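These notes concern the structure reproduced below.
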Amino acid sequence: MDPSRKRRIRLGVALSTAVLLAAALVYTSFSASSEAVKPSQLVAQAVPGRNYHLTGKVVNGSIRHDGGVTWFKVRDRDATTSAKAVEIRYTGSVPDPFANGREVIVDVKKGTAGDYIGAPDSLITKCPSKFSAKTKQT
Amino acid sequence: MEVILIILALAVVVWVVSGPLRRAERPEAASAARRAGLQAAKEAKYREIRDAELDWRTGKLSERDYREQDRRLRAEAVEILRELDELD
Amino acid sequence: MAVVGRACLIIAFVVSIYGVGAAIHGARPGNRRFAESARRSVYAIAGLVTFSFAILEGAFLTSNFSFVTVVTHSSTTTPFFYKAAAAWSSQEGSLLLWAFLLSVWSSVVLTITRNRLRDVTPYATAVLLGFATFFLGLLVFTNSPFDTVAGPAPVEGSGLNPLLRHPSMMTHPIALYSGYTLAAVPFAFAIGALIARRIDAEWIAATRRFALGSWLALGIGLLLGARWSYVELGWGGYWAWDPVENAALLPWLTATALIHSIQIQEKRGMLKIWNVSLTLATGTLAIVGTFLVRSGILDSIHAFVEQGNEIAWLFTGLICVMCAGSIALVVSRRALLASENRIEALLSREAVFLMNNLVLVALTFVVFWGTFFPLISEALTGEKHALGPPWFGKYIVPLTIILAVLSGIGPVLSWRRATGLNARRNFAIPILLAGAAVVVSLALGGGRSLGAELMFAACAFLLGCVGQEFWRGTRARRAMSGEALPVALVSLVRRNRRRYGGYLVHAGVALLFVGIAASSAFQHVITPTLQVGQTAHVGGYAIHYDRPTGTITTKGGRLERINLGSDLTVRQGGKVVTRLHTERGYYPTDDSSLGVVSRYFEGEQTSEVGLKAGARRDIWTVVSPDTDPLRPIISQGDKVFGDAKNLPPSMGAALLGQAIRGIVNRYERNPPPAQFRFIVSPLVSWIWFGALVILFGGAISIWPPPGGATRRVRARYLARVGRESAATTS
């Protein structure tokens, strides 16, 4: 086999591998991902059993610890009331900055009873932006 | 006080930045760039020669392959030296 | 002084615009002095920005609360060390840090290259000044660190988030930003070289050092961030595939690929398009990384700013310009970038390096796709979707295993075409080691994770190859010079810094991968709730809750922090392994809607991790005390102090201190069950040790050889080559 044909075969193999990898990547990313939603969207359209990636703010005064379980409510970041807030039942590590009014990210699933269960250890609390202790919204 | 500091900073900056503009332009050999490129190529070639020797001594190249590579690399080095000489 | 700082930035901004013009004009022959003026502009900007930065630091260190950024990010009770670091904890401060580091590194680089790459440097200067213009523009027009408070300065500031009170806060941002700004340097020189049509040996030699510098700095930044996360935060992990973490990983991956493909261009004149593209990609990804951190465009734990600010659009514009410009330049100069040679055999170092680079690019693509998937999916489907660590792991693990194997194979082969018989002999021992590693780890119970097994085998293979290289090299050196073994090793490395520095990096990578594989696959985590005197069992250890602890930290007469924690004893097989102490720190808040006593329990909280690190495994603990039983007393205290409004302040403060002391003592005497998180993780220390080896190897590789040695070597070769040429011509 002359060198240029060898080179073309190698190029073909490399390109095919790349295309296969890219296709696998794209396909699995759509099937493995969870939809990123706000609490108001979750309330409106959540399907039981599906995973969601919820972002929002912790409603002041909604945090309860019960043994290893943490209960808290999450509202939309720009909501003025906690009317459309979602209550989450969460187990697992709770980040240090977790507190009233903090922005959180948590993976949740809607249970058959209509409640929302947080995936263990999936709670992330964003580092507060101005590092000020003043969080006086709802 | 603060105004003085600002004016001072401005003066220093203008003086530093305009320095070269106040001098006459220094003429430069047109071949300077080519010479620099050849010098760098020469260094790289010497490094290659040493690396090939180290490859042979650490058992990656057989003696025959090494001799052949060494000969080729030295010939390429001589070529670069010749081009450098031509520039002078 | 705020006015002076602002004025300096404005002057710097104007100078950088001038500099861009002067540099471009100075690129023409006969206008050398304009290029020099542009270089001095860089120096001037460095001076001005340094002065501004000093003013800002001074304001923080003296708690000058007339500066808005000081009042919102510092306080009189913040320790001195962290006051200095608070300067770059804000958006404006961190942009100023970026501009400062960019101007300093640009000055260093332009000084080093002032007599080299004569036709490239003016364009490179223009690009660096272009970046300076962008960041200075942001600092002057949209995010000024020198805004002052209207009216009289407040007496106290909000303080630095206690989560950031860790030594890494001093070093992690500086290291990362150094990495980002250093990536701008090879980018600028690549653009310059493309414009000046000088993609040659001189350019590639200069680019190599810049790329290594950026790679080192980014690596240090990533390592510090991981270490900070592990010892300071309460989750016990070191990497979360968070968008901001990934943002720093992306240019590091492309820089790694670049460092390897540079060697191929130096040796064989091949992969020029690769080198130029990787250099441009690294610079662009560094800006993308900065953009991700500062724009809030992706949900991240590092959400330092509110979303949707104007900076996001400006950065997007800059990135588009960089991408479009890079592509246009590469396409228009593609004739210049044609390879001088071809890959002759698959069994050659360049073929393996090329495969290595393909794997690295694949890794970059995976991380990029996963990071930006929320935006990609939103653009494609209208719905925002997020990907988590399991998805990343699925692709990263096999790719890094392949990477480890290739890193072992590559250095053992020779250039152009390796002698087959030699290659087979050279891989015998490493393959044996890989087999041994599999046997050992299976015996230790590692069979549960195929990925980890394969990684152990691959890394054992890699370490075998590296060890073999050092051994053979030392032996060869001894044969040539007669030195004793240790001396031969040292002089071998000294004379071949690039090669053996690189081998050391590979060894460090092997240790790092083993540490990550073991600690990810074989970790034991439990989160028990324990009463005093109870024991939890995890990973073969028995952890006993000995007693609760309650302390108060004061500073300068003020209460800084309340600490409620636990003393623990860890035993294995009945014998005491270690004693651990972990606690939770409660910082007071000045939220006036809360009661006086409540303020001390409702503010920021931090975890003090109880950690016993070891060569074989780490034992990691945090505690979450239950403060609910204290609530009745706290509310009572709120009421009492709320009613007693006409107490003289000093008396009130003393009584308050006593009350809090009393509450803390009550916790100690009558502790409720506390929630713990215990993690037993094997081989975590290998990660930190491996990282240090990587950095050490990188430092060796970047270190310039002593001038004398090069001259001696040069002279010797000159003589031999000269004799040869005389022989052939005569």
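A note on labels: chains of the structure tokens are A, B, ... as shown, every chain counts residues from 1, and ligands are counted from 1 in their shown order.
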request  = May I have the residues within 7 Å of Asp70 (chain B) as a list in words, using only C-alpha atoms and disregarding those fewer than 3 positions away in the same chain?
outcome  = Ile49, Ala52, Tyr66, Arg67, Leu73 and Arg74 of chain B
For the selection just defined, write its residues with N, CA and C atoms to a file, as a PDB file, in the first residue's frame.
```pdb
ATOM      1  N   ILE B  49      20.153  16.704  17.559  1.00  0.00           N
ATOM      2  CA  ILE B  49      21.298  15.808  17.471  1.00  0.00           C
ATOM      3  C   ILE B  49      21.563  15.179  18.835  1.00  0.00           C
ATOM      4  N   ALA B  52      18.856  12.619  19.713  1.00  0.00           N
ATOM      5  CA  ALA B  52      19.001  11.352  18.998  1.00  0.00           C
ATOM      6  C   ALA B  52      20.063  10.498  19.678  1.00  0.00           C
ATOM      7  N   TYR B  66      20.411   4.847  14.492  1.00  0.00           N
ATOM      8  CA  TYR B  66      20.981   6.055  15.064  1.00  0.00           C
ATOM      9  C   TYR B  66      22.001   6.674  14.115  1.00  0.00           C
ATOM     10  N   ARG B  67      22.903   5.859  13.603  1.00  0.00           N
ATOM     11  CA  ARG B  67      23.936   6.416  12.712  1.00  0.00           C
ATOM     12  C   ARG B  67      23.305   7.127  11.533  1.00  0.00           C
ATOM     13  N   LEU B  73      20.839  14.428  10.387  1.00  0.00           N
ATOM     14  CA  LEU B  73      20.678  15.652  11.170  1.00  0.00           C
ATOM     15  C   LEU B  73      21.901  16.561  11.026  1.00  0.00           C
ATOM     16  N   ARG B  74      23.094  15.956  11.047  1.00  0.00           N
ATOM     17  CA  ARG B  74      24.296  16.781  10.902  1.00  0.00           C
ATOM     18  C   ARG B  74      24.319  17.466   9.549  1.00  0.00           C
TER      19      ARG B  74
END
```
If we count only C-alpha atoms, what is near region 208-211 of chain C at a cut-off of 8 Å, once residues fewer than 6 positions away on the same chain are taken out, given as a short mmCIF file (atom, residue, chain, number, x, y, z; two decimals) with N, CA and C atoms, in the first residue's frame?
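As written to disk, out_32.cif reads:
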```
data_model
loop_
_atom_site.label_atom_id
_atom_site.label_comp_id
_atom_site.auth_asym_id
_atom_site.auth_seq_id
_atom_site.Cartn_x
_atom_site.Cartn_y
_atom_site.Cartn_z
N LEU C 182 -1.43 34.93 31.22
CA LEU C 182 -0.28 34.38 30.51
C LEU C 182 -0.70 33.70 29.21
N ALA C 183 -1.94 33.18 29.15
CA ALA C 183 -2.41 32.56 27.91
C ALA C 183 -2.59 33.61 26.82
N VAL C 185 -0.49 35.85 26.14
CA VAL C 185 0.81 36.14 25.51
C VAL C 185 1.06 35.28 24.26
N PRO C 186 1.01 33.95 24.36
CA PRO C 186 1.20 33.19 23.12
C PRO C 186 0.13 33.51 22.09
N ALA C 255 -3.63 23.87 26.39
CA ALA C 255 -2.22 24.21 26.59
C ALA C 255 -1.38 22.95 26.69
N LEU C 258 -0.88 21.74 23.29
CA LEU C 258 0.04 22.65 22.60
C LEU C 258 1.49 22.33 22.94
N ILE C 259 1.76 22.13 24.24
CA ILE C 259 3.13 21.86 24.67
C ILE C 259 3.69 20.64 23.95
N ILE C 262 4.08 21.32 19.97
CA ILE C 262 5.19 22.22 19.69
C ILE C 262 6.45 21.41 19.40
N THR C 279 -2.78 27.42 20.07
CA THR C 279 -2.39 28.65 20.75
C THR C 279 -3.54 29.64 20.78
N ILE C 702 10.65 24.29 32.32
CA ILE C 702 10.62 25.66 31.83
C ILE C 702 11.91 26.39 32.14
#
```
Expected answer as a ChimeraX atom specification: chain C residues within 6 Å of chain A, only C-alpha atoms = /C:158,161,234,301-305,384-387,589,591,605-606
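Proximity ranking of C:Leu444, C:Leu292, C:Leu61, C:Ala328 relative to Phe372 (chain C) places C:Leu292 first, based on only C-alpha atoms.
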inquiry  = Distance limit 8 Å, atoms considered: only C-alpha atoms. Which chain C residues sit that close to chain B? Return them as JSON, numbers by chain.
reply    = {"C": [1, 3, 4, 7, 8, 11, 30, 31, 32, 33, 34, 36, 37, 38, 40, 41, 44, 48, 116, 117, 118, 119, 200, 201, 202, 205, 266, 267, 412, 413, 414, 418, 419, 422, 423, 426, 469, 472, 473, 476, 714, 717, 721, 722, 725]}
request  = Check region 46-134 of chain A with DSSP on the backbone and list each residue it calls strand (DSSP E), as a PyMOL selection string.
outcome  = chain A and resi 51-58+64-66+69-75+86-91+103-110+116-118+124-125
Output for the residues just chosen: N, CA and C atoms as a compact mmCIF listing (two decimals), in the first residue's frame:
```
# COMPACT_ATOMS: atom_id res chain seq x y z
N ASN A 51 -36.37 13.80 36.35
CA ASN A 51 -35.42 14.63 37.10
C ASN A 51 -35.43 16.07 36.60
N TYR A 52 -35.36 16.99 37.53
CA TYR A 52 -35.28 18.40 37.16
C TYR A 52 -34.12 19.06 37.90
N HIS A 53 -33.60 20.08 37.26
CA HIS A 53 -32.46 20.83 37.81
C HIS A 53 -33.02 22.18 38.24
N LEU A 54 -33.33 22.30 39.53
CA LEU A 54 -34.07 23.47 39.99
C LEU A 54 -33.15 24.58 40.49
N THR A 55 -33.39 25.80 40.04
CA THR A 55 -32.65 26.94 40.58
C THR A 55 -33.63 27.96 41.12
N GLY A 56 -33.25 28.57 42.23
CA GLY A 56 -34.13 29.58 42.79
C GLY A 56 -33.56 30.07 44.11
N LYS A 57 -34.39 30.81 44.85
CA LYS A 57 -33.95 31.34 46.14
C LYS A 57 -34.72 30.66 47.26
N VAL A 58 -34.02 30.47 48.38
CA VAL A 58 -34.64 29.86 49.54
C VAL A 58 -35.60 30.86 50.18
N ARG A 64 -36.25 23.69 57.66
CA ARG A 64 -36.52 22.84 58.82
C ARG A 64 -35.57 21.65 58.76
N HIS A 65 -34.98 21.31 59.91
CA HIS A 65 -34.16 20.10 59.94
C HIS A 65 -34.90 19.03 60.72
N ASP A 66 -34.92 17.83 60.20
CA ASP A 66 -35.65 16.75 60.87
C ASP A 66 -34.80 15.50 60.78
N VAL A 69 -33.00 14.78 57.44
CA VAL A 69 -33.75 15.39 56.33
C VAL A 69 -33.84 16.90 56.51
N THR A 70 -33.64 17.61 55.42
CA THR A 70 -33.80 19.06 55.44
C THR A 70 -34.99 19.43 54.58
N TRP A 71 -35.91 20.18 55.13
CA TRP A 71 -37.03 20.70 54.33
C TRP A 71 -36.80 22.18 54.07
N PHE A 72 -37.07 22.61 52.85
CA PHE A 72 -37.01 24.05 52.58
C PHE A 72 -37.85 24.36 51.35
N LYS A 73 -38.21 25.65 51.25
CA LYS A 73 -39.00 26.07 50.09
C LYS A 73 -38.12 26.90 49.17
N VAL A 74 -38.35 26.74 47.87
CA VAL A 74 -37.60 27.50 46.87
C VAL A 74 -38.56 28.31 46.03
N ARG A 75 -38.24 29.59 45.84
CA ARG A 75 -39.07 30.43 44.98
C ARG A 75 -38.24 30.94 43.81
N VAL A 86 -41.83 26.14 45.96
CA VAL A 86 -41.91 24.68 45.95
C VAL A 86 -41.23 24.15 47.20
N GLU A 87 -41.86 23.22 47.89
CA GLU A 87 -41.21 22.66 49.07
C GLU A 87 -40.44 21.41 48.69
N ILE A 88 -39.19 21.34 49.14
CA ILE A 88 -38.31 20.23 48.80
C ILE A 88 -37.97 19.44 50.05
N ARG A 89 -37.97 18.11 49.90
CA ARG A 89 -37.52 17.23 50.97
C ARG A 89 -36.15 16.71 50.55
N TYR A 90 -35.12 17.10 51.29
CA TYR A 90 -33.75 16.85 50.82
C TYR A 90 -32.93 16.09 51.85
N THR A 91 -32.18 15.12 51.39
CA THR A 91 -31.23 14.44 52.27
C THR A 91 -29.83 14.58 51.66
N GLU A 103 -29.31 31.80 46.93
CA GLU A 103 -29.61 31.15 45.65
C GLU A 103 -29.11 29.71 45.70
N VAL A 104 -29.98 28.79 45.33
CA VAL A 104 -29.60 27.38 45.37
C VAL A 104 -29.84 26.69 44.04
N ILE A 105 -29.13 25.59 43.85
CA ILE A 105 -29.35 24.70 42.72
C ILE A 105 -29.52 23.31 43.32
N VAL A 106 -30.58 22.62 42.96
CA VAL A 106 -30.78 21.27 43.50
C VAL A 106 -31.51 20.41 42.47
N ASP A 107 -31.09 19.14 42.39
CA ASP A 107 -31.78 18.21 41.49
C ASP A 107 -32.99 17.65 42.22
N VAL A 108 -34.17 17.73 41.60
CA VAL A 108 -35.39 17.24 42.26
C VAL A 108 -36.16 16.32 41.34
N LYS A 109 -36.99 15.53 41.98
CA LYS A 109 -37.88 14.63 41.24
C LYS A 109 -39.26 14.78 41.86
N LYS A 110 -40.27 14.77 41.02
CA LYS A 110 -41.62 14.87 41.57
C LYS A 110 -42.08 13.49 41.96
N TYR A 116 -41.95 16.97 46.23
CA TYR A 116 -40.70 17.09 45.49
C TYR A 116 -39.56 16.59 46.35
N ILE A 117 -38.82 15.64 45.81
CA ILE A 117 -37.73 15.04 46.56
C ILE A 117 -36.40 15.45 45.95
N GLY A 118 -35.53 15.97 46.79
CA GLY A 118 -34.23 16.39 46.30
C GLY A 118 -33.29 15.21 46.19
N ILE A 124 -26.55 22.65 45.85
CA ILE A 124 -25.45 23.60 45.71
C ILE A 124 -25.98 24.97 46.10
N THR A 125 -25.23 25.67 46.93
CA THR A 125 -25.62 27.04 47.26
C THR A 125 -24.59 27.98 46.65
```
task = Quick one: pull the distance between CA of Val361 (chain C) and CA of Leu278 (chain C), Å, one decimal.
result =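 Computing it gives 9.3 Å between the two atoms.
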remark   = The distance between CA of Ile264 (chain C) and CA of Glu350 (chain C) is 6.3 Å
task = Do a neighbour search on region 682-691 of chain C at 7 Å with only C-alpha atoms, toss out local chain neighbours closer than 2 positions, and write the hits as a PyMOL selection string.
result = chain C and resi 508-509+511-512+515-516+518-519+522-523+613-618+680+693-695
Dump as an mmCIF file, in the first residue's frame, selection limited to N, CA and C atoms:
```cif
data_model
loop_
_atom_site.group_PDB
_atom_site.id
_atom_site.type_symbol
_atom_site.label_atom_id
_atom_site.label_comp_id
_atom_site.auth_asym_id
_atom_site.auth_seq_id
_atom_site.Cartn_x
_atom_site.Cartn_y
_atom_site.Cartn_z
ATOM 1 N N GLY C 508 3.902 12.499 37.748
ATOM 2 C CA GLY C 508 2.953 13.183 38.622
ATOM 3 C C GLY C 508 1.523 12.972 38.165
ATOM 4 N N VAL C 509 1.318 12.986 36.857
ATOM 5 C CA VAL C 509 -0.025 12.765 36.309
ATOM 6 C C VAL C 509 -0.519 11.367 36.673
ATOM 7 N N LEU C 511 0.317 9.579 39.299
ATOM 8 C CA LEU C 511 -0.054 9.574 40.717
ATOM 9 C C LEU C 511 -1.386 10.283 40.928
ATOM 10 N N LEU C 512 -1.554 11.403 40.227
ATOM 11 C CA LEU C 512 -2.795 12.174 40.343
ATOM 12 C C LEU C 512 -3.997 11.344 39.908
ATOM 13 N N GLY C 515 -4.836 8.635 42.385
ATOM 14 C CA GLY C 515 -5.517 9.221 43.549
ATOM 15 C C GLY C 515 -6.970 9.515 43.250
ATOM 16 N N ILE C 516 -7.226 10.099 42.068
ATOM 17 C CA ILE C 516 -8.603 10.438 41.711
ATOM 18 C C ILE C 516 -9.437 9.176 41.538
ATOM 19 N N ALA C 518 -8.965 6.118 42.786
ATOM 20 C CA ALA C 518 -9.219 5.410 44.047
ATOM 21 C C ALA C 518 -10.212 6.157 44.920
ATOM 22 N N SER C 519 -10.022 7.496 45.050
ATOM 23 C CA SER C 519 -10.889 8.228 45.967
ATOM 24 C C SER C 519 -12.296 8.379 45.406
ATOM 25 N N PHE C 522 -13.772 4.218 45.452
ATOM 26 C CA PHE C 522 -13.807 3.401 46.664
ATOM 27 C C PHE C 522 -14.042 4.223 47.917
ATOM 28 N N GLN C 523 -14.748 5.310 47.779
ATOM 29 C CA GLN C 523 -15.027 6.185 48.904
ATOM 30 C C GLN C 523 -16.164 5.629 49.741
ATOM 31 N N ALA C 613 -5.214 13.074 57.225
ATOM 32 C CA ALA C 613 -4.752 12.666 55.908
ATOM 33 C C ALA C 613 -3.656 11.634 56.056
ATOM 34 N N GLY C 614 -3.580 10.720 55.149
ATOM 35 C CA GLY C 614 -2.536 9.704 55.222
ATOM 36 C C GLY C 614 -2.174 9.239 53.827
ATOM 37 N N ALA C 615 -1.091 8.496 53.746
ATOM 38 C CA ALA C 615 -0.649 8.022 52.441
ATOM 39 C C ALA C 615 -1.634 7.019 51.859
ATOM 40 N N ARG C 616 -2.325 6.274 52.740
ATOM 41 C CA ARG C 616 -3.235 5.245 52.241
ATOM 42 C C ARG C 616 -4.676 5.721 52.158
ATOM 43 N N ARG C 617 -5.082 6.574 53.121
ATOM 44 C CA ARG C 617 -6.458 7.032 53.071
ATOM 45 C C ARG C 617 -6.615 8.300 53.933
ATOM 46 N N ASP C 618 -7.686 9.011 53.635
ATOM 47 C CA ASP C 618 -8.038 10.189 54.432
ATOM 48 C C ASP C 618 -9.294 9.878 55.227
ATOM 49 N N VAL C 680 -14.435 8.237 54.401
ATOM 50 C CA VAL C 680 -13.137 7.563 54.367
ATOM 51 C C VAL C 680 -12.803 7.364 52.904
ATOM 52 N N VAL C 693 4.341 16.958 42.154
ATOM 53 C CA VAL C 693 5.334 16.398 41.239
ATOM 54 C C VAL C 693 5.165 17.017 39.852
ATOM 55 N N ILE C 694 3.899 17.171 39.418
ATOM 56 C CA ILE C 694 3.637 17.792 38.119
ATOM 57 C C ILE C 694 4.229 19.197 38.074
ATOM 58 N N LEU C 695 3.985 19.969 39.123
ATOM 59 C CA LEU C 695 4.464 21.354 39.121
ATOM 60 C C LEU C 695 5.991 21.398 39.166
#
```
